[in-house]
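Enquirer: Sharing a structure below in structure tokens format, with a few things to ask.
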Amino acid sequence: MVSDLASGIEASILGDIWLSNEAFENLTVLCDDFGSRFAGTEGERPAVDFIVSKLKEYGLENVVADEFAYTGWRRGEAKLEMLTPKERELETISLAMCPPTPSGGVEADIVYLGPGYPELFLERKDEIDGKIVLCTSQPRPSGEMVHRRTKYGYAVKFGAVGFVFVNHNAGQLMPTGSIRPAYRMAGEISGIGVSWETGCYLVRQLEKGPVRVRITTTDVVDPEAISWNVIGEIPGGEMEDRVIAVGAHFDGHDIAVGALDDGAGAVTVMEASRVLAKHKGEFKRTIRFICFAAEEIGVTGSTCYVDKHIEEINGIDLMINCDGAGRADSHVYRVSGPEHLVGYLQGLVDRMNYDMRVVKSSSAASDHWPFYLQGVPAVTLSAYRGFEEVARVGRGWGHTSADTLDKVNPKHLKDAAMVLAQSLVHLANEEGVIAERTPVDEIVMRLEKSGMVETLRIQRKWHPGSIR
Ligand SMILES: [Zn+2]
């Protein structure tokens with residue numbers, strides 16, 4: 001049963017979101033005024049200031065732009081020249097965190113590994129040393145995404161001197177995405193993205209014989225960059241020191257405005273904060289809203305947040321990450337752990353009378369992950385897409401120049417904000433334990449058992465002794 005207090009708040013916040021266009025207006029400002037908001041770009045700090053001013057306007061407390069240091073990266077011009085069977089320059093861009101090549105570039109023959117699943121790398125590992133690996137972004141037929149950082153990591157491990165990542169979706173769109181986590185390091189070898197059409201051209205040449213190419217990249221790695229996560233709170237009452245953390249990254253990739261990934265999630269979090277702040281004093285737990293920076297370069301903002309605030313981590317009862325929220329007309333909760341959170345949240349959404357699924361997830365590639373690794377119960381709220389669709393399009397417009405505002409439906413943002421805000425009313429007022437924390441040793445053990453450690457090691461994201 002929903003308490004009278006909760007049901008009164010619920011009616012008010014849901015009506016408020018439904019009748020307001022604030023989320024879409026905020027997204028329009030983020031995209032049109034500040035561009036990509038990618039770490040280190042001109043629009044990043046103005047976007048931070050905008051989010052700070054909005055959270056203050058909504059009445060949140062302890063609003064700050066919380067600084068952290070990381071390895072920065074700025075895009076330079078990238079060149080891909082085919083030398084054999086004939087000379088031809090092909091269109092390309094660097095993948096994020098790509099290092100510059102030595103002057104004169106890097107020259108080698110191409111080895112094509114199809115979709116670049118780990119087993120394909122293992123099968124053909126003896127052919128990779130000294131070569132340039134070509135593989136696509138194709139997910140598995142089951143819909144499981146094999147992360148680009150995994151494919152790049154295997155290429156480095158087996159001695160490749162370059163990595164060419166092909167968008168598996170047609171449309172002359174070159175993909176980007178980070179190759180190493182910026183909270184630790186930049187890439188060791190050049191990684192570049194090409195369109196499906198360019199990839200197909202190269203594969204056709206390979207069918208005739210060896211293909212030799214030269215890659216030249218001129219990106220700039222800055223070991224002393226700084227950025228800011230934006231934090232704001234609605235302080236709780238009788239359980240003020242217990243916290244529900246809610247976050248989404250506000251940065252997109254530098255080649256687009258990141259309207260879907262993840263401007264939509266960021267404004268979903270802001271919208272929930274707006275309507276809930278009007279009910280300050282009616283929640284037992286503190287709700288902490290965090291708009292993360294630099295997620296697109298290896299989940300860097302949230303990792304640095306956890307590193308900086310590790311002494312407060314035991315106060316966090318639940319972390320809800322909204323990367324992927326607001327992109328479709330129905331939503332799903334993806335639980336990283338612990339397992340009993342699945343049943344708890346299913347009960348919660350059933351009580352809310354909202355038709356949505358709660359499923360288990362093993363994804364490490366977003367802002368819930370550093371919290372989960374410290375034992376915090378963690379879940380991601382994202383738009384629901386069937387596995388057939390994921391298997392076919394993967395990220396879709398994401399990580400290309402086509403991730404633009406016109407792809408976002410304002411109604412989908414409302415749906416996301418309504419589910420999130422309504423969930424938060426219940427979670428912040430939960431009398432009992434929401435979910436038990438998982439001891440860090442147990443998480444390490446589980447990741448070892450599931451084989452995830454190997455993947456993280458390949459990605460240079462396995463460092464159980466330190467947060468970053
Ligand atoms: Zn994202």
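Each chain in the structure tokens gets a letter, A, B, ..., in the order shown, and its residues are numbered from 1; ligands are numbered from 1 in order too.
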Counting only C-alpha atoms and all ligand atoms, which protein, DNA or RNA residues come within 7 Å of ligand 1, given as a VMD selection string?
Expert: chain A and resid 249 261 to 262 295 to 296 323 to 324 366
Enquirer: Could you give me, as a PyMOL selection string, the residues within 7 Å of stretch 165-172 of chain A, counting only C-alpha atoms and dropping anything in the same chain fewer than 6 positions from it?
Expert: chain A and resi 134-138+192-197+199+393
Enquirer: Write out as a VMD selection string the set of residues from stretch 302-450 of chain A that DSSP, computed on the backbone, places in alpha helix (DSSP H).
Expert: chain A and resid 302 to 308 340 to 351 369 to 373 387 to 393 410 to 428 440 to 450
Enquirer: How would the residues just chosen look if you wrote them out with C-alpha atoms as a PDB file, in the first residue's frame?
Expert:
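Final file, out-v2.pdb:
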```pdb
ATOM      1  CA  SER A 302      31.845   9.139 -11.626  1.00  0.00           C
ATOM      2  CA  THR A 303      35.039   7.181 -10.957  1.00  0.00           C
ATOM      3  CA  CYS A 304      36.714  10.378  -9.767  1.00  0.00           C
ATOM      4  CA  TYR A 305      33.617  11.213  -7.688  1.00  0.00           C
ATOM      5  CA  VAL A 306      33.808   7.879  -5.858  1.00  0.00           C
ATOM      6  CA  ASP A 307      37.567   8.291  -5.415  1.00  0.00           C
ATOM      7  CA  LYS A 308      37.190  11.786  -3.950  1.00  0.00           C
ATOM      8  CA  HIS A 340      17.646  -9.222  -4.337  1.00  0.00           C
ATOM      9  CA  LEU A 341      17.364  -5.602  -5.555  1.00  0.00           C
ATOM     10  CA  VAL A 342      15.614  -7.032  -8.642  1.00  0.00           C
ATOM     11  CA  GLY A 343      12.682  -8.316  -6.590  1.00  0.00           C
ATOM     12  CA  TYR A 344      12.602  -5.198  -4.435  1.00  0.00           C
ATOM     13  CA  LEU A 345      12.398  -2.863  -7.434  1.00  0.00           C
ATOM     14  CA  GLN A 346       9.869  -5.070  -9.225  1.00  0.00           C
ATOM     15  CA  GLY A 347       7.681  -4.782  -6.127  1.00  0.00           C
ATOM     16  CA  LEU A 348       8.190  -1.037  -6.137  1.00  0.00           C
ATOM     17  CA  VAL A 349       7.219  -0.470  -9.777  1.00  0.00           C
ATOM     18  CA  ASP A 350       4.232  -2.778  -9.324  1.00  0.00           C
ATOM     19  CA  ARG A 351       3.082  -0.636  -6.388  1.00  0.00           C
ATOM     20  CA  TRP A 369      30.009   0.959 -12.093  1.00  0.00           C
ATOM     21  CA  PRO A 370      32.447   2.707  -9.704  1.00  0.00           C
ATOM     22  CA  PHE A 371      29.677   2.748  -7.057  1.00  0.00           C
ATOM     23  CA  TYR A 372      28.899  -0.929  -7.603  1.00  0.00           C
ATOM     24  CA  LEU A 373      32.594  -1.822  -7.268  1.00  0.00           C
ATOM     25  CA  PHE A 387      17.405  -7.479 -27.867  1.00  0.00           C
ATOM     26  CA  GLU A 388      16.594  -7.770 -31.586  1.00  0.00           C
ATOM     27  CA  GLU A 389      16.959  -4.017 -31.938  1.00  0.00           C
ATOM     28  CA  VAL A 390      20.172  -3.891 -29.893  1.00  0.00           C
ATOM     29  CA  ALA A 391      21.619  -6.804 -31.860  1.00  0.00           C
ATOM     30  CA  ARG A 392      20.845  -4.989 -35.084  1.00  0.00           C
ATOM     31  CA  VAL A 393      21.702  -1.334 -34.445  1.00  0.00           C
ATOM     32  CA  PRO A 410       9.871  15.404 -25.262  1.00  0.00           C
ATOM     33  CA  LYS A 411       7.228  12.904 -24.156  1.00  0.00           C
ATOM     34  CA  HIS A 412       9.876  10.227 -23.608  1.00  0.00           C
ATOM     35  CA  LEU A 413      11.725  12.603 -21.276  1.00  0.00           C
ATOM     36  CA  LYS A 414       8.523  13.024 -19.267  1.00  0.00           C
ATOM     37  CA  ASP A 415       8.104   9.276 -19.030  1.00  0.00           C
ATOM     38  CA  ALA A 416      11.640   8.880 -17.697  1.00  0.00           C
ATOM     39  CA  ALA A 417      11.360  11.748 -15.219  1.00  0.00           C
ATOM     40  CA  MET A 418       7.991  10.482 -13.938  1.00  0.00           C
ATOM     41  CA  VAL A 419       9.284   6.948 -13.289  1.00  0.00           C
ATOM     42  CA  LEU A 420      12.425   8.273 -11.658  1.00  0.00           C
ATOM     43  CA  ALA A 421      10.747  10.890  -9.455  1.00  0.00           C
ATOM     44  CA  GLN A 422       7.981   8.523  -8.361  1.00  0.00           C
ATOM     45  CA  SER A 423      10.525   5.805  -7.536  1.00  0.00           C
ATOM     46  CA  LEU A 424      12.532   8.294  -5.500  1.00  0.00           C
ATOM     47  CA  VAL A 425       9.517   9.245  -3.381  1.00  0.00           C
ATOM     48  CA  HIS A 426       9.201   5.609  -2.320  1.00  0.00           C
ATOM     49  CA  LEU A 427      12.913   4.916  -1.991  1.00  0.00           C
ATOM     50  CA  ALA A 428      13.671   8.023   0.056  1.00  0.00           C
ATOM     51  CA  VAL A 440      34.031  -5.686  -1.951  1.00  0.00           C
ATOM     52  CA  ASP A 441      35.756  -9.111  -1.674  1.00  0.00           C
ATOM     53  CA  GLU A 442      32.552 -10.776  -2.776  1.00  0.00           C
ATOM     54  CA  ILE A 443      32.242  -8.488  -5.795  1.00  0.00           C
ATOM     55  CA  VAL A 444      35.821  -9.300  -6.795  1.00  0.00           C
ATOM     56  CA  MET A 445      35.055 -13.009  -6.425  1.00  0.00           C
ATOM     57  CA  ARG A 446      31.898 -12.768  -8.520  1.00  0.00           C
ATOM     58  CA  LEU A 447      33.641 -10.856 -11.292  1.00  0.00           C
ATOM     59  CA  GLU A 448      36.407 -13.445 -11.325  1.00  0.00           C
ATOM     60  CA  LYS A 449      33.855 -16.245 -11.569  1.00  0.00           C
ATOM     61  CA  SER A 450      31.870 -14.616 -14.369  1.00  0.00           C
TER      62      SER A 450
END
```
Enquirer: Please indicate the distance in Å from atom CA of A:Ser401 to atom CA of A:Thr92, rounded to one decimal place.
Expert: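 For atom CA of A:Ser401 relative to atom CA of A:Thr92, the distance reads 12.8 Å.
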Enquirer: DSSP says strand (DSSP E or B) for which residues of stretch 354-407 of chain A? Put them as a compact mmCIF listing (two decimals) with C-alpha atoms, in the first residue's frame?
Expert:
```txt
# COMPACT_ATOMS: atom_id res chain seq x y z
CA ARG A 357 10.65 -4.65 -16.27
CA VAL A 358 13.45 -5.04 -13.79
CA VAL A 359 16.33 -7.15 -15.10
CA LYS A 360 19.88 -8.10 -14.14
CA ALA A 378 23.38 -0.02 -8.05
CA VAL A 379 20.82 0.13 -10.83
CA THR A 380 20.48 1.84 -14.20
CA LEU A 381 17.25 3.40 -15.42
CA SER A 382 17.19 3.29 -19.20
CA ALA A 383 14.79 3.29 -22.09
```
Enquirer: Which residues are near A:Pro85? Cut-off 10 Å, only C-alpha atoms, ignore same chain within fewer than 3 positions. Put them as a list in words.
Expert: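 Neighbouring residues, sequence-local ones excluded: Met82, Arg88, Gln205, Leu206, Lys208, Gly209, Pro210, Val211, Arg212 and Val213 of chain A.
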Enquirer: Any chance you could export the current selection's C-alpha atoms as an mmCIF file, in the first residue's frame?
Expert:
```
data_model
loop_
_atom_site.group_PDB
_atom_site.id
_atom_site.type_symbol
_atom_site.label_atom_id
_atom_site.label_comp_id
_atom_site.auth_asym_id
_atom_site.auth_seq_id
_atom_site.Cartn_x
_atom_site.Cartn_y
_atom_site.Cartn_z
ATOM 1 C CA MET A 82 45.497 3.182 -48.381
ATOM 2 C CA ARG A 88 43.665 6.389 -51.908
ATOM 3 C CA GLN A 205 40.205 -4.864 -51.267
ATOM 4 C CA LEU A 206 41.304 -7.470 -48.727
ATOM 5 C CA LYS A 208 41.833 -9.536 -53.511
ATOM 6 C CA GLY A 209 45.077 -9.498 -51.515
ATOM 7 C CA PRO A 210 47.079 -7.651 -48.838
ATOM 8 C CA VAL A 211 46.002 -4.099 -48.012
ATOM 9 C CA ARG A 212 48.616 -1.732 -46.643
ATOM 10 C CA VAL A 213 47.585 1.543 -44.994
#
```
Enquirer: Sorted by chain and rising residue number, which residues of stretch 5-59 of chain A lie within 9 Å of stretch 287-293 of chain A, and what are their closest atom pairs and distances in Å to one decimal, counting only C-alpha atoms, as CSV?
Expert:
```
residue,atom,partner,partner_atom,distance
A:Arg37,CA,A:Ala293,CA,8.3
A:Phe38,CA,A:Ala293,CA,7.9
A:Ala39,CA,A:Ala293,CA,6.8
A:Glu44,CA,A:Ala293,CA,8.5
A:Val48,CA,A:Ala293,CA,8.6
A:Ile51,CA,A:Cys291,CA,8.1
```
Enquirer: Hey, which of A:Gly432, A:Gly258, A:Gly187, A:Pro100 ends up closest to A:Gly298? Count only C-alpha atoms.
Expert: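 Among A:Gly432, A:Gly258, A:Gly187, A:Pro100, it is A:Gly187 that comes nearest to A:Gly298.
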Enquirer: Using only C-alpha atoms, which protein or nucleic acid residues come within 9 Å of A:Glu89? Drop anything in the same chain fewer than 3 positions from it, and give the result as a list in words.
Expert: Lys79, Leu80, Glu81, Met82 and Leu83 of chain A
Enquirer: Using only C-alpha atoms, which residues sit within 7 Å of A:Asp219 once same-chain residues fewer than 6 positions away are excluded, as a ChimeraX atom specification?
Expert: /A:74-77,98-100
Enquirer: Atoms to include: N, CA and C atoms. Write the selected residues as a short mmCIF file (atom, residue, chain, number, x, y, z; two decimals), in the first residue's frame.
Expert:
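Now in result32.cif:
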```cif
data_model
loop_
_atom_site.label_atom_id
_atom_site.label_comp_id
_atom_site.auth_asym_id
_atom_site.auth_seq_id
_atom_site.Cartn_x
_atom_site.Cartn_y
_atom_site.Cartn_z
N ARG A 74 42.37 16.08 -26.57
CA ARG A 74 41.77 16.98 -27.58
C ARG A 74 41.96 16.38 -28.96
N ARG A 75 40.87 16.40 -29.73
CA ARG A 75 40.90 15.82 -31.07
C ARG A 75 41.81 16.58 -32.01
N GLY A 76 42.61 15.86 -32.75
CA GLY A 76 43.38 16.45 -33.84
C GLY A 76 42.94 15.83 -35.15
N GLU A 77 43.53 16.26 -36.23
CA GLU A 77 43.16 15.70 -37.53
C GLU A 77 43.67 14.27 -37.65
N CYS A 98 42.79 8.72 -28.31
CA CYS A 98 43.80 8.28 -29.27
C CYS A 98 45.07 9.10 -29.09
N PRO A 99 46.23 8.46 -29.03
CA PRO A 99 47.48 9.22 -28.94
C PRO A 99 47.90 9.70 -30.33
N PRO A 100 48.78 10.68 -30.40
CA PRO A 100 49.30 11.07 -31.73
C PRO A 100 50.28 10.01 -32.22
#
```
Enquirer: Taking into account only C-alpha atoms, which residue in the set A:Phe250, A:Tyr70, A:Trp462, A:Tyr333 is nearest to A:Leu27?
Expert: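 The closest residue to A:Leu27 is A:Phe250.
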Enquirer: Rounded to one decimal in Å, what is the spacing between atom CA of A:Leu260 and atom CA of A:Val146?
Expert: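 Between atom CA of A:Leu260 and atom CA of A:Val146 the gap works out to 20.4 Å.
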Enquirer: Give the answer as one residue: which of A:Val221, A:Ile179, A:Leu122, A:Ala277 has the shortest atom-to-atom distance to A:His147, using only C-alpha atoms?
Expert: A:Ile179
Enquirer: Just checking: using only C-alpha atoms, which residue out of A:Val453, A:Met270, A:Ile128, A:Ala225 ends up closest to A:Ile110?
Expert: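 Smallest separation from A:Ile110 among the options: A:Ile128.
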